>>> print(open('work.csv').read())   # CSV, C-alpha atoms
chain,number,residue,atom,x,y,z
K,417,GLU,CA,-52.7,1.8,37.7
K,418,LEU,CA,-49.9,1.8,35.1
K,419,ASN,CA,-48.5,5.0,36.6
K,420,THR,CA,-47.4,3.1,39.7
K,421,GLN,CA,-45.7,0.2,37.9
K,422,GLU,CA,-41.9,0.3,37.8
K,423,SER,CA,-39.8,-1.9,35.6
K,424,GLY,CA,-37.7,-4.3,37.6
K,425,LYS,CA,-39.5,-3.4,40.9
K,426,THR,CA,-43.3,-3.9,40.7
K,427,ASP,CA,-44.1,-7.5,41.4
K,428,GLN,CA,-47.6,-7.8,40.1
K,429,ARG,CA,-49.0,-9.5,37.0
K,430,LEU,CA,-51.3,-7.3,35.0
K,431,LYS,CA,-54.0,-8.3,32.5
K,432,VAL,CA,-55.5,-6.0,29.9
K,433,ASP,CA,-58.3,-6.7,27.5
K,434,SER,CA,-58.6,-3.6,25.2
K,435,ARG,CA,-56.5,-2.1,22.5
K,436,ASP,CA,-56.0,1.2,24.3
K,437,ASN,CA,-54.9,-0.5,27.5
K,438,LEU,CA,-52.5,-2.8,25.6
K,439,ARG,CA,-51.0,0.2,23.7
K,440,LEU,CA,-50.5,2.0,27.0
K,441,LEU,CA,-48.9,-1.0,28.6
K,442,ILE,CA,-46.5,-1.3,25.6
K,443,LEU,CA,-45.7,2.4,25.9
K,444,SER,CA,-45.1,2.3,29.6
K,445,LEU,CA,-42.7,-0.6,29.5
K,446,SER,CA,-40.9,0.8,26.5
K,447,GLN,CA,-40.4,4.2,28.2
K,448,GLN,CA,-38.9,2.4,31.2
K,449,ALA,CA,-36.5,0.1,29.2
K,450,GLN,CA,-32.8,0.9,29.9
K,451,GLN,CA,-30.9,-1.3,27.3
K,452,ARG,CA,-33.0,-3.7,25.3
K,453,ILE,CA,-36.4,-4.3,23.8
K,454,ASP,CA,-37.2,-7.5,21.9
K,455,ILE,CA,-40.5,-7.6,20.0
K,456,PHE,CA,-42.0,-10.7,18.3
K,457,SER,CA,-45.1,-9.9,16.3
K,458,HIS,CA,-47.0,-11.0,13.3
K,459,ASP,CA,-46.6,-7.7,11.4
K,460,LEU,CA,-46.0,-5.0,14.0
K,461,GLU,CA,-49.7,-4.3,14.1
K,462,HIS,CA,-50.4,-0.6,13.3
K,463,PRO,CA,-53.0,-0.1,16.1
K,464,LEU,CA,-50.5,-1.1,18.7
K,465,PHE,CA,-47.1,-0.1,17.4
K,466,ASP,CA,-47.5,2.7,14.9
K,467,ASN,CA,-47.9,5.8,17.0
K,468,GLU,CA,-45.9,8.8,17.8
K,469,ALA,CA,-45.5,8.2,21.6
K,470,LEU,CA,-44.0,4.7,21.0
K,471,TYR,CA,-41.8,6.0,18.2
K,472,GLU,CA,-40.3,8.6,20.6
K,473,ALA,CA,-39.8,6.0,23.4
K,474,ILE,CA,-38.0,3.6,21.0
K,475,LYS,CA,-36.0,6.4,19.5
K,476,GLN,CA,-34.9,7.7,23.0
K,477,LEU,CA,-33.8,4.2,24.0
K,478,ALA,CA,-31.9,3.7,20.7
K,479,ILE,CA,-29.9,6.9,21.0
K,480,LYS,CA,-29.3,6.6,24.7
K,481,SER,CA,-26.2,4.5,24.5
K,482,ARG,CA,-24.1,2.4,22.2
K,483,HIS,CA,-25.1,-0.6,24.3
K,484,THR,CA,-28.9,-0.3,23.6
K,485,HIS,CA,-30.6,-2.7,21.2
K,486,ILE,CA,-34.1,-3.0,19.8
K,487,HIS,CA,-34.7,-6.3,18.0
K,488,ILE,CA,-38.0,-6.7,16.1
K,489,LEU,CA,-38.9,-10.0,14.7
K,490,ILE,CA,-42.0,-10.2,12.4
K,491,GLN,CA,-43.7,-12.9,10.4
K,492,ASP,CA,-44.9,-10.7,7.6
K,493,SER,CA,-43.3,-7.5,6.4
K,494,GLN,CA,-45.7,-6.6,3.7
K,495,ALA,CA,-48.2,-4.5,5.8
K,496,MET,CA,-45.3,-2.4,7.1
K,497,ILE,CA,-44.0,-1.8,3.7
K,498,LYS,CA,-47.3,-1.1,2.0
K,499,LYS,CA,-48.8,1.1,4.7
K,500,GLY,CA,-45.6,2.6,6.0
K,501,HIS,CA,-44.7,2.4,9.7
K,502,ARG,CA,-43.0,4.8,12.1
K,503,LEU,CA,-40.8,2.0,13.5
K,504,LEU,CA,-39.7,0.9,10.1
K,505,ARG,CA,-38.7,4.5,9.3
K,506,LEU,CA,-36.8,4.7,12.6
K,507,ALA,CA,-35.1,1.4,12.0
K,508,ARG,CA,-33.9,2.6,8.7
K,509,ARG,CA,-32.5,5.8,10.3
K,510,ILE,CA,-30.9,4.1,13.3
K,511,SER,CA,-30.0,0.7,11.9
K,512,THR,CA,-27.0,0.2,14.3
K,513,HIS,CA,-29.4,0.0,17.3
K,514,ILE,CA,-32.7,-1.2,15.7
K,515,THR,CA,-32.8,-4.4,13.7
K,516,ILE,CA,-35.9,-5.9,12.0
K,517,LYS,CA,-35.9,-9.4,10.8
K,518,VAL,CA,-38.5,-11.8,9.3
K,519,THR,CA,-39.0,-15.2,10.8
K,520,ALA,CA,-37.9,-18.4,9.2
K,521,LYS,CA,-40.7,-20.5,7.6
K,522,GLU,CA,-40.9,-22.8,10.6
K,523,ASP,CA,-41.8,-19.9,12.9
K,524,ARG,CA,-44.5,-18.3,10.7
K,525,ASP,CA,-47.4,-20.1,12.3
K,526,ILE,CA,-46.8,-18.9,15.9
K,527,LEU,CA,-49.8,-16.9,17.0
K,528,GLU,CA,-48.6,-15.1,20.1
K,529,THR,CA,-47.0,-11.7,20.3
K,530,PHE,CA,-44.6,-11.0,23.0
K,531,LEU,CA,-42.3,-8.1,24.0
K,532,LEU,CA,-39.3,-8.3,26.4
K,533,PHE,CA,-37.9,-5.4,28.2
K,534,ASP,CA,-34.3,-5.6,29.5
K,535,ASN,CA,-34.1,-8.8,31.5
K,536,LYS,CA,-37.1,-7.9,33.6
K,537,GLY,CA,-40.5,-7.3,32.1
K,538,TYR,CA,-42.6,-8.8,29.4
K,539,ILE,CA,-45.9,-8.5,27.6
K,540,MET,CA,-47.5,-11.6,26.1
K,541,GLN,CA,-50.6,-11.6,23.9
K,542,GLN,CA,-51.9,-15.0,23.0
K,543,ASN,CA,-53.8,-14.0,19.9
K,544,PRO,CA,-53.0,-10.9,17.8
K,545,GLU,CA,-56.6,-10.6,16.8
K,546,ARG,CA,-57.7,-10.0,20.4
K,547,TYR,CA,-56.3,-7.3,22.6
K,548,GLU,CA,-56.1,-9.5,25.7
K,549,ALA,CA,-52.6,-9.7,27.2
K,550,GLU,CA,-50.7,-10.3,30.3
K,551,ALA,CA,-47.7,-8.3,31.5
K,552,HIS,CA,-45.3,-8.2,34.3
K,553,PHE,CA,-42.9,-5.4,35.1
K,554,ASN,CA,-40.5,-7.6,37.1
K,555,ALA,CA,-40.5,-11.3,36.1
K,556,PRO,CA,-36.9,-12.3,35.2
K,557,LEU,CA,-37.6,-16.0,34.9
K,558,LYS,CA,-40.6,-15.6,32.6
K,559,ASN,CA,-38.5,-13.0,30.6
K,560,LYS,CA,-35.7,-15.5,30.3
K,561,TYR,CA,-38.1,-18.2,29.0
K,562,PHE,CA,-39.3,-15.8,26.3
K,563,ALA,CA,-35.8,-14.5,25.6
K,564,GLU,CA,-34.5,-18.0,24.9
K,565,LYS,CA,-37.5,-18.6,22.5
K,566,PHE,CA,-36.8,-15.2,20.9
K,567,SER,CA,-33.1,-15.9,20.5
K,568,THR,CA,-33.7,-19.2,18.8
K,569,MET,CA,-36.1,-17.6,16.3
K,570,TRP,CA,-33.8,-14.6,15.8
K,571,ASP,CA,-30.9,-16.8,14.9
K,572,ARG,CA,-33.0,-18.6,12.2
K,573,ALA,CA,-34.6,-15.3,10.9
K,574,ILE,CA,-33.6,-13.5,7.8
K,575,ILE,CA,-33.1,-9.8,6.9
K,576,ASP,CA,-35.7,-8.8,4.4
K,577,ARG,CA,-34.1,-6.6,1.8
K,578,SER,CA,-37.3,-4.6,1.4
K,579,LEU,CA,-37.0,-3.5,5.0
K,580,ARG,CA,-33.6,-2.0,4.5
K,581,ARG,CA,-32.9,1.7,3.8
K,582,LEU,CA,-32.9,2.6,0.1
K,583,SER,CA,-29.8,4.5,-0.9
K,584,LEU,CA,-30.3,6.9,-3.8
>>> encode(input="work.csv", output="C-alpha coordinates")
Amino acid sequence: ELNTQESGKTDQRLKVDSRDNLRLLILSLSQQAQQRIDIFSHDLEHPLFDNEALYEAIKQLAIKSRHTHIHILIQDSQAMIKKGHRLLRLARRISTHITIKVTAKEDRDILETFLLFDNKGYIMQQNPERYEAEAHFNAPLKNKYFAEKFSTMWDRAIIDRSLRRLSL
(Lines of atoms letter the chains of each structure in order from A and count residues from 1; the text may use other names and numbers.)
(Lines give C-alpha, C1' and ligand atoms only; values in the text may rest on other atoms or scores of the structure.)
Protein backbone atom coordinates (compact mmCIF):
# COMPACT_ATOMS: atom_id res chain seq x y z
CA GLU A 1 0.00 0.00 0.00
CA LEU A 2 2.93 2.38 0.61
CA ASN A 3 3.91 2.23 -3.05
CA THR A 4 0.76 4.14 -3.99
CA GLN A 5 1.17 6.90 -1.37
CA GLU A 6 2.46 10.24 -2.66
CA SER A 7 3.71 13.04 -0.46
CA GLY A 8 1.48 16.08 -0.75
CA LYS A 9 -1.14 14.20 -2.77
CA THR A 10 -2.45 11.08 -1.06
CA ASP A 11 -5.18 12.06 1.35
CA GLN A 12 -5.38 9.04 3.60
CA ARG A 13 -4.29 8.44 7.18
CA LEU A 14 -2.29 5.26 7.66
CA LYS A 15 -1.71 3.21 10.77
CA VAL A 16 1.11 0.76 11.28
CA ASP A 17 1.81 -1.58 14.17
CA SER A 18 5.11 -3.30 13.44
CA ARG A 19 8.75 -2.25 13.38
CA ASP A 20 9.21 -3.27 9.74
CA ASN A 21 6.15 -1.32 8.56
CA LEU A 22 7.13 1.75 10.56
CA ARG A 23 10.66 1.61 9.13
CA LEU A 24 9.20 1.36 5.60
CA LEU A 25 6.89 4.29 6.27
CA ILE A 26 9.80 6.45 7.49
CA LEU A 27 11.80 5.47 4.42
CA SER A 28 8.96 6.15 1.98
CA LEU A 29 8.26 9.65 3.27
CA SER A 30 11.99 10.43 3.56
CA GLN A 31 12.57 9.42 -0.05
CA GLN A 32 9.76 11.71 -1.18
CA ALA A 33 10.81 14.76 0.87
CA GLN A 34 11.82 17.73 -1.28
CA GLN A 35 13.28 20.28 1.15
CA ARG A 36 12.95 19.47 4.81
CA ILE A 37 12.72 16.69 7.35
CA ASP A 38 12.33 17.34 11.08
CA ILE A 39 12.73 14.40 13.45
CA PHE A 40 11.92 14.40 17.16
CA SER A 41 12.99 11.18 18.82
CA HIS A 42 14.19 9.87 22.15
CA ASP A 43 17.55 8.63 20.84
CA LEU A 44 17.07 8.11 17.10
CA GLU A 45 16.29 4.46 17.75
CA HIS A 46 18.62 2.09 15.92
CA PRO A 47 15.95 -0.36 14.69
CA LEU A 48 14.10 2.47 12.92
CA PHE A 49 16.70 5.02 11.92
CA ASP A 50 20.06 3.28 11.60
CA ASN A 51 19.85 1.56 8.23
CA GLU A 52 21.51 2.02 4.86
CA ALA A 53 18.34 2.84 2.90
CA LEU A 54 17.37 5.72 5.21
CA TYR A 55 20.97 6.94 5.27
CA GLU A 56 20.91 7.16 1.45
CA ALA A 57 17.51 8.91 1.39
CA ILE A 58 18.64 11.52 3.93
CA LYS A 59 21.97 11.97 2.16
CA GLN A 60 20.30 12.51 -1.22
CA LEU A 61 17.98 15.11 0.27
CA ALA A 62 20.85 16.87 2.05
CA ILE A 63 22.96 17.22 -1.10
CA LYS A 64 20.03 18.02 -3.38
CA SER A 65 20.04 21.78 -2.86
CA ARG A 66 21.39 24.50 -0.63
CA HIS A 67 17.80 25.01 0.57
CA THR A 68 17.40 21.54 2.09
CA HIS A 69 17.51 21.02 5.84
CA ILE A 70 17.29 18.00 8.10
CA HIS A 71 16.81 18.84 11.77
CA ILE A 72 17.08 16.03 14.29
CA LEU A 73 16.08 16.66 17.89
CA ILE A 74 16.85 13.93 20.40
CA GLN A 75 16.44 13.58 24.13
CA ASP A 76 19.47 11.37 24.74
CA SER A 77 22.63 11.32 22.63
CA GLN A 78 24.51 8.60 24.49
CA ALA A 79 23.20 5.58 22.54
CA MET A 80 24.13 7.21 19.23
CA ILE A 81 27.62 7.95 20.46
CA LYS A 82 28.26 4.57 22.11
CA LYS A 83 26.82 2.34 19.39
CA GLY A 84 27.61 4.59 16.45
CA HIS A 85 24.86 5.65 14.08
CA ARG A 86 24.77 6.16 10.34
CA LEU A 87 22.83 9.41 10.62
CA LEU A 88 25.29 10.78 13.17
CA ARG A 89 28.17 10.05 10.78
CA LEU A 90 26.22 11.70 7.97
CA ALA A 91 25.43 14.77 10.09
CA ARG A 92 29.11 15.13 10.87
CA ARG A 93 29.96 14.97 7.16
CA ILE A 94 27.20 17.28 5.90
CA SER A 95 26.78 19.61 8.87
CA THR A 96 25.52 22.53 6.77
CA HIS A 97 22.33 20.64 5.93
CA ILE A 98 21.92 18.21 8.83
CA THR A 99 21.82 19.44 12.41
CA ILE A 100 21.36 17.34 15.54
CA LYS A 101 20.45 18.95 18.84
CA VAL A 102 19.59 17.62 22.29
CA THR A 103 16.37 18.79 23.93
CA ALA A 104 16.31 21.16 26.85
CA LYS A 105 15.56 19.58 30.23
CA GLU A 106 11.91 20.62 30.14
CA ASP A 107 11.38 18.58 26.96
CA ARG A 108 13.07 15.36 28.07
CA ASP A 109 9.93 13.64 29.38
CA ILE A 110 7.97 13.76 26.14
CA LEU A 111 7.28 10.19 25.04
CA GLU A 112 6.12 10.61 21.47
CA THR A 113 8.30 10.45 18.39
CA PHE A 114 7.32 12.44 15.33
CA LEU A 115 8.72 13.17 11.91
CA LEU A 116 7.70 16.01 9.60
CA PHE A 117 8.24 16.02 5.86
CA ASP A 118 8.25 19.36 4.05
CA ASN A 119 5.02 21.10 5.04
CA LYS A 120 2.89 18.12 4.11
CA GLY A 121 3.36 14.74 5.70
CA TYR A 122 4.01 13.46 9.18
CA ILE A 123 4.53 10.30 11.20
CA MET A 124 3.60 10.21 14.86
CA GLN A 125 4.43 7.40 17.26
CA GLN A 126 2.86 7.78 20.70
CA ASN A 127 5.26 5.51 22.54
CA PRO A 128 8.79 4.68 21.29
CA GLU A 129 8.65 1.28 22.99
CA ARG A 130 5.81 0.25 20.69
CA TYR A 131 5.92 0.33 16.93
CA GLU A 132 2.40 1.68 16.56
CA ALA A 133 2.22 4.89 14.57
CA GLU A 134 -0.02 6.97 12.41
CA ALA A 135 1.04 8.79 9.29
CA HIS A 136 -0.35 10.98 6.61
CA PHE A 137 1.30 11.89 3.33
CA ASN A 138 -0.77 15.08 2.94
CA ALA A 139 -1.91 16.74 6.16
CA PRO A 140 -0.63 20.32 6.17
CA LEU A 141 -2.64 21.38 9.24
CA LYS A 142 -1.44 18.50 11.39
CA ASN A 143 2.08 19.02 10.03
CA LYS A 144 1.87 22.69 11.04
CA TYR A 145 0.74 21.73 14.56
CA PHE A 146 3.75 19.44 15.02
CA ALA A 147 6.06 21.96 13.29
CA GLU A 148 5.17 24.64 15.83
CA LYS A 149 5.83 22.23 18.68
CA PHE A 150 9.10 21.15 17.07
CA SER A 151 10.20 24.75 16.50
CA THR A 152 9.62 25.68 20.15
CA MET A 153 11.64 22.69 21.33
CA TRP A 154 14.34 23.32 18.70
CA ASP A 155 14.82 26.90 19.91
CA ARG A 156 15.35 25.69 23.50
CA ALA A 157 17.59 22.76 22.52
CA ILE A 158 21.36 22.67 22.79
CA ILE A 159 24.10 21.41 20.54
CA ASP A 160 25.86 18.55 22.30
CA ARG A 161 29.62 18.87 21.70
CA SER A 162 29.99 15.09 21.66
CA LEU A 163 27.82 14.97 18.52
CA ARG A 164 30.09 17.30 16.60
CA ARG A 165 32.77 16.23 14.19
CA LEU A 166 36.17 15.68 15.76
CA SER A 167 38.98 17.49 14.00
CA LEU A 168 42.36 15.84 14.32
>>> closest_residue(input="work.csv", among="K:Lys480, K:Lys565, K:His552, K:Lys475", to="Arg429 (chain K)", atoms="only C-alpha atoms")
K:His552
>>> closest_residue(input="work.csv", among="K:Gln542, K:Val432, K:His462, K:Leu438", to="Lys498 (chain K)", atoms="only C-alpha atoms")
K:His462
>>> closest_atom_pairs(input="work.csv", of="region 469-497 of chain K", to="region 444-455 of chain K", cutoff="9 Å", atoms="only C-alpha atoms", output="JSON lines")
{"residue": "K:Leu470", "atom": "CA", "partner": "K:Ser446", "partner_atom": "CA", "distance": 7.4}
{"residue": "K:Glu472", "atom": "CA", "partner": "K:Gln447", "partner_atom": "CA", "distance": 8.8}
{"residue": "K:Ala473", "atom": "CA", "partner": "K:Gln447", "partner_atom": "CA", "distance": 5.2}
{"residue": "K:Ile474", "atom": "CA", "partner": "K:Ser446", "partner_atom": "CA", "distance": 6.8}
{"residue": "K:Gln476", "atom": "CA", "partner": "K:Gln447", "partner_atom": "CA", "distance": 8.3}
{"residue": "K:Leu477", "atom": "CA", "partner": "K:Gln450", "partner_atom": "CA", "distance": 6.8}
{"residue": "K:Ala478", "atom": "CA", "partner": "K:Gln451", "partner_atom": "CA", "distance": 8.3}
{"residue": "K:Lys480", "atom": "CA", "partner": "K:Gln451", "partner_atom": "CA", "distance": 8.5}
{"residue": "K:Ser481", "atom": "CA", "partner": "K:Gln451", "partner_atom": "CA", "distance": 8.0}
{"residue": "K:His483", "atom": "CA", "partner": "K:Gln451", "partner_atom": "CA", "distance": 6.6}
{"residue": "K:Thr484", "atom": "CA", "partner": "K:Gln451", "partner_atom": "CA", "distance": 4.3}
{"residue": "K:His485", "atom": "CA", "partner": "K:Arg452", "partner_atom": "CA", "distance": 4.9}
{"residue": "K:Ile486", "atom": "CA", "partner": "K:Ile453", "partner_atom": "CA", "distance": 4.8}
{"residue": "K:His487", "atom": "CA", "partner": "K:Asp454", "partner_atom": "CA", "distance": 4.8}
{"residue": "K:Ile488", "atom": "CA", "partner": "K:Ile455", "partner_atom": "CA", "distance": 4.7}
{"residue": "K:Leu489", "atom": "CA", "partner": "K:Ile455", "partner_atom": "CA", "distance": 6.0}
{"residue": "K:Ile490", "atom": "CA", "partner": "K:Ile455", "partner_atom": "CA", "distance": 8.2}
>>> write_last_selection(input="work.csv", atoms="C-alpha atoms", output="PDB file, in the coordinates of the input")
ATOM      1  CA  LEU K 470     -44.000   4.700  21.000  1.00  0.00           C
ATOM      2  CA  GLU K 472     -40.300   8.600  20.600  1.00  0.00           C
ATOM      3  CA  ALA K 473     -39.800   6.000  23.400  1.00  0.00           C
ATOM      4  CA  ILE K 474     -38.000   3.600  21.000  1.00  0.00           C
ATOM      5  CA  GLN K 476     -34.900   7.700  23.000  1.00  0.00           C
ATOM      6  CA  LEU K 477     -33.800   4.200  24.000  1.00  0.00           C
ATOM      7  CA  ALA K 478     -31.900   3.700  20.700  1.00  0.00           C
ATOM      8  CA  LYS K 480     -29.300   6.600  24.700  1.00  0.00           C
ATOM      9  CA  SER K 481     -26.200   4.500  24.500  1.00  0.00           C
ATOM     10  CA  HIS K 483     -25.100  -0.600  24.300  1.00  0.00           C
ATOM     11  CA  THR K 484     -28.900  -0.300  23.600  1.00  0.00           C
ATOM     12  CA  HIS K 485     -30.600  -2.700  21.200  1.00  0.00           C
ATOM     13  CA  ILE K 486     -34.100  -3.000  19.800  1.00  0.00           C
ATOM     14  CA  HIS K 487     -34.700  -6.300  18.000  1.00  0.00           C
ATOM     15  CA  ILE K 488     -38.000  -6.700  16.100  1.00  0.00           C
ATOM     16  CA  LEU K 489     -38.900 -10.000  14.700  1.00  0.00           C
ATOM     17  CA  ILE K 490     -42.000 -10.200  12.400  1.00  0.00           C
TER      18      ILE K 490
END
>>> atom_distance(input="work.csv", atom1="CA of Thr426 (chain K)", atom2="CA of Tyr538 (chain K)")
12.3 Å
>>> atom_distance(input="work.csv", atom1="CA of Lys517 (chain K)", atom2="CA of Ile574 (chain K)")
5.6 Å
>>> atom_distance(input="work.csv", atom1="CA of Arg572 (chain K)", atom2="CA of Ser493 (chain K)")
16.2 Å
>>> closest_residue(input="work.csv", among="K:Gln494, K:Ile516, K:Arg482, K:Arg505", to="Asp466 (chain K)", atoms="all atoms listed in the file")
K:Arg505
>>> closest_residue(input="work.csv", among="K:Ile479, K:Lys536, K:Pro544, K:Leu440", to="Ile510 (chain K)", atoms="only C-alpha atoms")
K:Ile479
>>> closest_residue(input="work.csv", among="K:Val518, K:Ala495, K:Ile526, K:Ala549", to="Glu461 (chain K)", atoms="all atoms listed in the file")
K:Ala495
>>> closest_residue(input="work.csv", among="K:Ala507, K:Ala469, K:Met496, K:Ile575", to="Thr519 (chain K)", atoms="only C-alpha atoms")
K:Ile575
